[in-house]
Structures are given as C-alpha cells and as structure tokens.
Amino acid sequence: RVAGDVASKRGSKLCSVDKANVLDVSQLWREVVTDVITKDFPGVELSHMYVDNAAMQLIRWPKQFDTIVCGNIFGDILSDEASMLVGSLGMLPSASIGESGPGVFEPCHGSAPDIAGEDKANPLAMILSAAMMLQYDLDRPEEAKMLEDAVEAVLDQKLRTPDIKQDNDGCKLVGCKEMGEAVASVIMAMEEIKV
C-alpha cells in the first residue's frame, strides 16, 4: 500500500521487482502486490520485473522507472546500484515508509563513520532525504520541491564534495559544511523572491 501511495504522488507508475520465476515467496509477493495495487490504486500503472532484469534495466534505461517496490534484499542491491547512476551514495536519499506512523528518512550511505569529523561527507543525500520526508510524510510538496531545486542549483554552480568531484571537471571541491551552506543560501534567496 505504501508503494501504491508513493507512486500515486509521483508519476503513477509502479514496478514490482521479484524473482517469481524461481522463488515461491516471490510468487506470493507478486500476487499480493497485484491484488493490493489493482484494488486500492486503480490509477497506478503496475508492472512486474525479475530482479536480474531490473538490475540491468536500471543501468540501461533508468528513466523507465518511477517507483520501484521490492523486498529488502533486492532493495539493498538495487539502491546501491542506483547510487552510481547519480555518481555516489552521497547523492542518494532513502526512505523506509510504513503504513502507520512516521517513516525513516536518511541517506543511503548512512552516517559515513569512516569520514566523521573530516568535512568530507556529502550532505546532499540528507537534504534530499528531508525533501522526501516533506513530500511523503508531511504532505508539504512545495517545500520538498524547494529543497530539490536548491540541490540542483548548487550542482549547477559546479560545487562538488570529494565523492562526486572528478579530475579536470571544472568544478570546485568543497566540504560538507560549505556544500550545506550553499544549499541554505539558495533556499534563503528563494524565500526572498517569494516575499
């Protein structure tokens, strides 16, 4: 139901990923997903894909996907793969959303303890996770879009943390603090324009 709800707030396309051709539990998964989505979310276009094909398709043509639902094991693998589509785990927000109560919104990379205190972490995944929280838990789509636009703006300004900086890319290397401050500055400028 959560995936159906998320898909209905986005592009109304949901791809359920499983391994129903081999795993009995995936056959049950597919039946339940089909039943719930067709009954409770008739406006959502549902498709099914085997996980091995989904992994390939995610690299081949990522724009074909809007919302993906799968079990935890497949989700862990596909989310790490998807992080490379945007350049780094530091760019990928994540959400664990349940039917009741608040979700958990955090960067895919977690807290990055290996670089704690070194001003190297990319704060953009956390900011984008906050945007997801605004969109899906707090029903504040305008504020979510503001955060997403601010992240895009600082990337357009060619600011890069170490995880997404490439040699000779013409971009400025910044730390976590400077990247976060740049996003905050863009948001402040957006607020001034609104007033």
# chains A, B, ... in the order shown; residues from 1 in each chain; ligands from 1
>>> residues_around(residues="range 55-67 of chain A", least_positions_apart="3", cutoff="12 Å", atoms="only C-alpha atoms", output="ChimeraX atom specification")
/A:2-19,44-52,70,74-86
>>> closest_atom_pairs(of="range 114-139 of chain A", to="range 163-186 of chain A", cutoff="12 Å", atoms="only C-alpha atoms", output="JSON lines")
{"residue": "A:Ile115", "atom": "CA", "partner": "A:Cys176", "partner_atom": "CA", "distance": 10.8}
{"residue": "A:Ala116", "atom": "CA", "partner": "A:Cys176", "partner_atom": "CA", "distance": 10.6}
{"residue": "A:Gly117", "atom": "CA", "partner": "A:Cys176", "partner_atom": "CA", "distance": 9.9}
{"residue": "A:Glu118", "atom": "CA", "partner": "A:Gly175", "partner_atom": "CA", "distance": 8.5}
{"residue": "A:Asp119", "atom": "CA", "partner": "A:Cys176", "partner_atom": "CA", "distance": 5.0}
{"residue": "A:Lys120", "atom": "CA", "partner": "A:Gly175", "partner_atom": "CA", "distance": 5.2}
{"residue": "A:Ala121", "atom": "CA", "partner": "A:Cys176", "partner_atom": "CA", "distance": 5.3}
{"residue": "A:Asn122", "atom": "CA", "partner": "A:Cys176", "partner_atom": "CA", "distance": 5.5}
{"residue": "A:Pro123", "atom": "CA", "partner": "A:Cys176", "partner_atom": "CA", "distance": 5.8}
{"residue": "A:Leu124", "atom": "CA", "partner": "A:Gly180", "partner_atom": "CA", "distance": 7.6}
{"residue": "A:Ala125", "atom": "CA", "partner": "A:Gly180", "partner_atom": "CA", "distance": 10.9}
{"residue": "A:Met126", "atom": "CA", "partner": "A:Gly180", "partner_atom": "CA", "distance": 9.9}
{"residue": "A:Ile127", "atom": "CA", "partner": "A:Gly180", "partner_atom": "CA", "distance": 8.5}
{"residue": "A:Leu128", "atom": "CA", "partner": "A:Val183", "partner_atom": "CA", "distance": 11.0}
>>> select_by_dssp(residues="range 154-191 of chain A", states="alpha helix (DSSP H)", output="list in words")
Val154, Leu155, Asp156, Cys176, Lys177, Glu178, Met179, Gly180, Glu181, Ala182, Val183, Ala184, Ser185, Val186, Ile187, Met188, Ala189, Met190 and Glu191 of chain A
>>> write_last_selection(atoms="N, CA, C and O atoms", output="PDB file, in the first residue's frame")
ATOM      1  N   VAL A 154      22.933  24.186  -6.560  1.00  0.00           N
ATOM      2  CA  VAL A 154      24.344  24.166  -6.133  1.00  0.00           C
ATOM      3  C   VAL A 154      25.166  23.252  -7.041  1.00  0.00           C
ATOM      4  O   VAL A 154      26.345  23.533  -7.289  1.00  0.00           O
ATOM      5  N   LEU A 155      24.553  22.207  -7.556  1.00  0.00           N
ATOM      6  CA  LEU A 155      25.275  21.367  -8.518  1.00  0.00           C
ATOM      7  C   LEU A 155      25.497  22.131  -9.821  1.00  0.00           C
ATOM      8  O   LEU A 155      26.563  22.016 -10.437  1.00  0.00           O
ATOM      9  N   ASP A 156      24.526  22.944 -10.207  1.00  0.00           N
ATOM     10  CA  ASP A 156      24.691  23.788 -11.396  1.00  0.00           C
ATOM     11  C   ASP A 156      25.780  24.841 -11.189  1.00  0.00           C
ATOM     12  O   ASP A 156      26.389  25.301 -12.156  1.00  0.00           O
ATOM     13  N   CYS A 176      31.673  19.283   3.372  1.00  0.00           N
ATOM     14  CA  CYS A 176      30.284  19.103   3.792  1.00  0.00           C
ATOM     15  C   CYS A 176      29.672  20.432   4.229  1.00  0.00           C
ATOM     16  O   CYS A 176      28.573  20.796   3.814  1.00  0.00           O
ATOM     17  N   LYS A 177      30.406  21.158   5.063  1.00  0.00           N
ATOM     18  CA  LYS A 177      29.889  22.416   5.608  1.00  0.00           C
ATOM     19  C   LYS A 177      29.618  23.427   4.499  1.00  0.00           C
ATOM     20  O   LYS A 177      28.544  24.033   4.449  1.00  0.00           O
ATOM     21  N   GLU A 178      30.567  23.616   3.596  1.00  0.00           N
ATOM     22  CA  GLU A 178      30.384  24.596   2.526  1.00  0.00           C
ATOM     23  C   GLU A 178      29.245  24.194   1.587  1.00  0.00           C
ATOM     24  O   GLU A 178      28.473  25.049   1.128  1.00  0.00           O
ATOM     25  N   MET A 179      29.113  22.904   1.302  1.00  0.00           N
ATOM     26  CA  MET A 179      28.021  22.450   0.440  1.00  0.00           C
ATOM     27  C   MET A 179      26.679  22.717   1.119  1.00  0.00           C
ATOM     28  O   MET A 179      25.742  23.223   0.483  1.00  0.00           O
ATOM     29  N   GLY A 180      26.586  22.402   2.400  1.00  0.00           N
ATOM     30  CA  GLY A 180      25.349  22.659   3.140  1.00  0.00           C
ATOM     31  C   GLY A 180      25.014  24.135   3.199  1.00  0.00           C
ATOM     32  O   GLY A 180      23.850  24.536   3.043  1.00  0.00           O
ATOM     33  N   GLU A 181      26.033  24.962   3.406  1.00  0.00           N
ATOM     34  CA  GLU A 181      25.817  26.411   3.437  1.00  0.00           C
ATOM     35  C   GLU A 181      25.369  26.933   2.074  1.00  0.00           C
ATOM     36  O   GLU A 181      24.539  27.845   1.990  1.00  0.00           O
ATOM     37  N   ALA A 182      25.902  26.353   1.007  1.00  0.00           N
ATOM     38  CA  ALA A 182      25.500  26.775  -0.342  1.00  0.00           C
ATOM     39  C   ALA A 182      24.021  26.464  -0.580  1.00  0.00           C
ATOM     40  O   ALA A 182      23.282  27.285  -1.139  1.00  0.00           O
ATOM     41  N   VAL A 183      23.578  25.280  -0.145  1.00  0.00           N
ATOM     42  CA  VAL A 183      22.164  24.925  -0.281  1.00  0.00           C
ATOM     43  C   VAL A 183      21.304  25.880   0.545  1.00  0.00           C
ATOM     44  O   VAL A 183      20.280  26.387   0.062  1.00  0.00           O
ATOM     45  N   ALA A 184      21.734  26.158   1.776  1.00  0.00           N
ATOM     46  CA  ALA A 184      20.978  27.079   2.638  1.00  0.00           C
ATOM     47  C   ALA A 184      20.884  28.467   2.001  1.00  0.00           C
ATOM     48  O   ALA A 184      19.826  29.109   2.054  1.00  0.00           O
ATOM     49  N   SER A 185      21.958  28.923   1.383  1.00  0.00           N
ATOM     50  CA  SER A 185      21.948  30.242   0.729  1.00  0.00           C
ATOM     51  C   SER A 185      20.949  30.283  -0.426  1.00  0.00           C
ATOM     52  O   SER A 185      20.238  31.273  -0.612  1.00  0.00           O
ATOM     53  N   VAL A 186      20.905  29.219  -1.196  1.00  0.00           N
ATOM     54  CA  VAL A 186      19.947  29.155  -2.308  1.00  0.00           C
ATOM     55  C   VAL A 186      18.522  29.197  -1.770  1.00  0.00           C
ATOM     56  O   VAL A 186      17.654  29.907  -2.303  1.00  0.00           O
ATOM     57  N   ILE A 187      18.264  28.454  -0.705  1.00  0.00           N
ATOM     58  CA  ILE A 187      16.920  28.443  -0.113  1.00  0.00           C
ATOM     59  C   ILE A 187      16.555  29.832   0.405  1.00  0.00           C
ATOM     60  O   ILE A 187      15.436  30.306   0.199  1.00  0.00           O
ATOM     61  N   MET A 188      17.514  30.490   1.055  1.00  0.00           N
ATOM     62  CA  MET A 188      17.258  31.850   1.564  1.00  0.00           C
ATOM     63  C   MET A 188      16.918  32.788   0.399  1.00  0.00           C
ATOM     64  O   MET A 188      16.009  33.607   0.509  1.00  0.00           O
ATOM     65  N   ALA A 189      17.639  32.660  -0.707  1.00  0.00           N
ATOM     66  CA  ALA A 189      17.364  33.502  -1.875  1.00  0.00           C
ATOM     67  C   ALA A 189      15.977  33.200  -2.439  1.00  0.00           C
ATOM     68  O   ALA A 189      15.259  34.122  -2.856  1.00  0.00           O
ATOM     69  N   MET A 190      15.584  31.926  -2.439  1.00  0.00           N
ATOM     70  CA  MET A 190      14.241  31.562  -2.904  1.00  0.00           C
ATOM     71  C   MET A 190      13.172  32.192  -2.024  1.00  0.00           C
ATOM     72  O   MET A 190      12.153  32.672  -2.515  1.00  0.00           O
ATOM     73  N   GLU A 191      13.416  32.176  -0.725  1.00  0.00           N
ATOM     74  CA  GLU A 191      12.465  32.768   0.222  1.00  0.00           C
ATOM     75  C   GLU A 191      12.334  34.261   0.007  1.00  0.00           C
ATOM     76  O   GLU A 191      11.243  34.812   0.080  1.00  0.00           O
TER      77      GLU A 191
END
>>> decode(residues="range 159-180 of chain A", atoms="N, CA and C atoms", output="PDB file, in the first residue's frame")
ATOM      1  N   LEU A 159      29.653  23.061  -7.658  1.00  0.00           N
ATOM      2  CA  LEU A 159      30.218  22.709  -6.363  1.00  0.00           C
ATOM      3  C   LEU A 159      30.165  21.191  -6.228  1.00  0.00           C
ATOM      4  N   ARG A 160      31.260  20.611  -5.727  1.00  0.00           N
ATOM      5  CA  ARG A 160      31.332  19.156  -5.591  1.00  0.00           C
ATOM      6  C   ARG A 160      32.056  18.766  -4.303  1.00  0.00           C
ATOM      7  N   THR A 161      31.478  17.811  -3.591  1.00  0.00           N
ATOM      8  CA  THR A 161      32.165  17.198  -2.456  1.00  0.00           C
ATOM      9  C   THR A 161      33.106  16.128  -3.010  1.00  0.00           C
ATOM     10  N   PRO A 162      34.042  15.627  -2.191  1.00  0.00           N
ATOM     11  CA  PRO A 162      35.044  14.683  -2.711  1.00  0.00           C
ATOM     12  C   PRO A 162      34.474  13.450  -3.409  1.00  0.00           C
ATOM     13  N   ASP A 163      33.321  12.971  -2.976  1.00  0.00           N
ATOM     14  CA  ASP A 163      32.761  11.744  -3.568  1.00  0.00           C
ATOM     15  C   ASP A 163      32.262  11.928  -4.990  1.00  0.00           C
ATOM     16  N   ILE A 164      31.957  13.150  -5.392  1.00  0.00           N
ATOM     17  CA  ILE A 164      31.441  13.374  -6.744  1.00  0.00           C
ATOM     18  C   ILE A 164      32.368  14.265  -7.580  1.00  0.00           C
ATOM     19  N   LYS A 165      33.485  14.673  -7.021  1.00  0.00           N
ATOM     20  CA  LYS A 165      34.453  15.501  -7.751  1.00  0.00           C
ATOM     21  C   LYS A 165      35.286  14.602  -8.652  1.00  0.00           C
ATOM     22  N   GLN A 166      35.447  15.019  -9.901  1.00  0.00           N
ATOM     23  CA  GLN A 166      36.285  14.280 -10.845  1.00  0.00           C
ATOM     24  C   GLN A 166      37.423  15.181 -11.300  1.00  0.00           C
ATOM     25  N   ASP A 167      38.529  14.575 -11.645  1.00  0.00           N
ATOM     26  CA  ASP A 167      39.679  15.348 -12.141  1.00  0.00           C
ATOM     27  C   ASP A 167      39.287  16.134 -13.389  1.00  0.00           C
ATOM     28  N   ASN A 168      39.752  17.350 -13.444  1.00  0.00           N
ATOM     29  CA  ASN A 168      39.571  18.215 -14.619  1.00  0.00           C
ATOM     30  C   ASN A 168      38.106  18.413 -15.025  1.00  0.00           C
ATOM     31  N   ASP A 169      37.198  18.422 -14.047  1.00  0.00           N
ATOM     32  CA  ASP A 169      35.780  18.605 -14.383  1.00  0.00           C
ATOM     33  C   ASP A 169      35.338  20.068 -14.323  1.00  0.00           C
ATOM     34  N   GLY A 170      36.259  20.967 -13.961  1.00  0.00           N
ATOM     35  CA  GLY A 170      35.929  22.384 -13.897  1.00  0.00           C
ATOM     36  C   GLY A 170      35.074  22.757 -12.698  1.00  0.00           C
ATOM     37  N   CYS A 171      34.935  21.833 -11.766  1.00  0.00           N
ATOM     38  CA  CYS A 171      34.108  22.078 -10.587  1.00  0.00           C
ATOM     39  C   CYS A 171      34.982  22.394  -9.378  1.00  0.00           C
ATOM     40  N   LYS A 172      34.389  23.074  -8.409  1.00  0.00           N
ATOM     41  CA  LYS A 172      35.090  23.452  -7.185  1.00  0.00           C
ATOM     42  C   LYS A 172      34.888  22.380  -6.118  1.00  0.00           C
ATOM     43  N   LEU A 173      35.987  21.925  -5.526  1.00  0.00           N
ATOM     44  CA  LEU A 173      35.923  20.956  -4.435  1.00  0.00           C
ATOM     45  C   LEU A 173      35.553  21.688  -3.146  1.00  0.00           C
ATOM     46  N   VAL A 174      34.489  21.225  -2.499  1.00  0.00           N
ATOM     47  CA  VAL A 174      34.051  21.813  -1.232  1.00  0.00           C
ATOM     48  C   VAL A 174      33.826  20.707  -0.213  1.00  0.00           C
ATOM     49  N   GLY A 175      33.774  21.085   1.033  1.00  0.00           N
ATOM     50  CA  GLY A 175      33.491  20.135   2.102  1.00  0.00           C
ATOM     51  C   GLY A 175      32.000  20.088   2.406  1.00  0.00           C
ATOM     52  N   CYS A 176      31.673  19.283   3.372  1.00  0.00           N
ATOM     53  CA  CYS A 176      30.284  19.103   3.792  1.00  0.00           C
ATOM     54  C   CYS A 176      29.672  20.432   4.229  1.00  0.00           C
ATOM     55  N   LYS A 177      30.406  21.158   5.063  1.00  0.00           N
ATOM     56  CA  LYS A 177      29.889  22.416   5.608  1.00  0.00           C
ATOM     57  C   LYS A 177      29.618  23.427   4.499  1.00  0.00           C
ATOM     58  N   GLU A 178      30.567  23.616   3.596  1.00  0.00           N
ATOM     59  CA  GLU A 178      30.384  24.596   2.526  1.00  0.00           C
ATOM     60  C   GLU A 178      29.245  24.194   1.587  1.00  0.00           C
ATOM     61  N   MET A 179      29.113  22.904   1.302  1.00  0.00           N
ATOM     62  CA  MET A 179      28.021  22.450   0.440  1.00  0.00           C
ATOM     63  C   MET A 179      26.679  22.717   1.119  1.00  0.00           C
ATOM     64  N   GLY A 180      26.586  22.402   2.400  1.00  0.00           N
ATOM     65  CA  GLY A 180      25.349  22.659   3.140  1.00  0.00           C
ATOM     66  C   GLY A 180      25.014  24.135   3.199  1.00  0.00           C
TER      67      GLY A 180
END
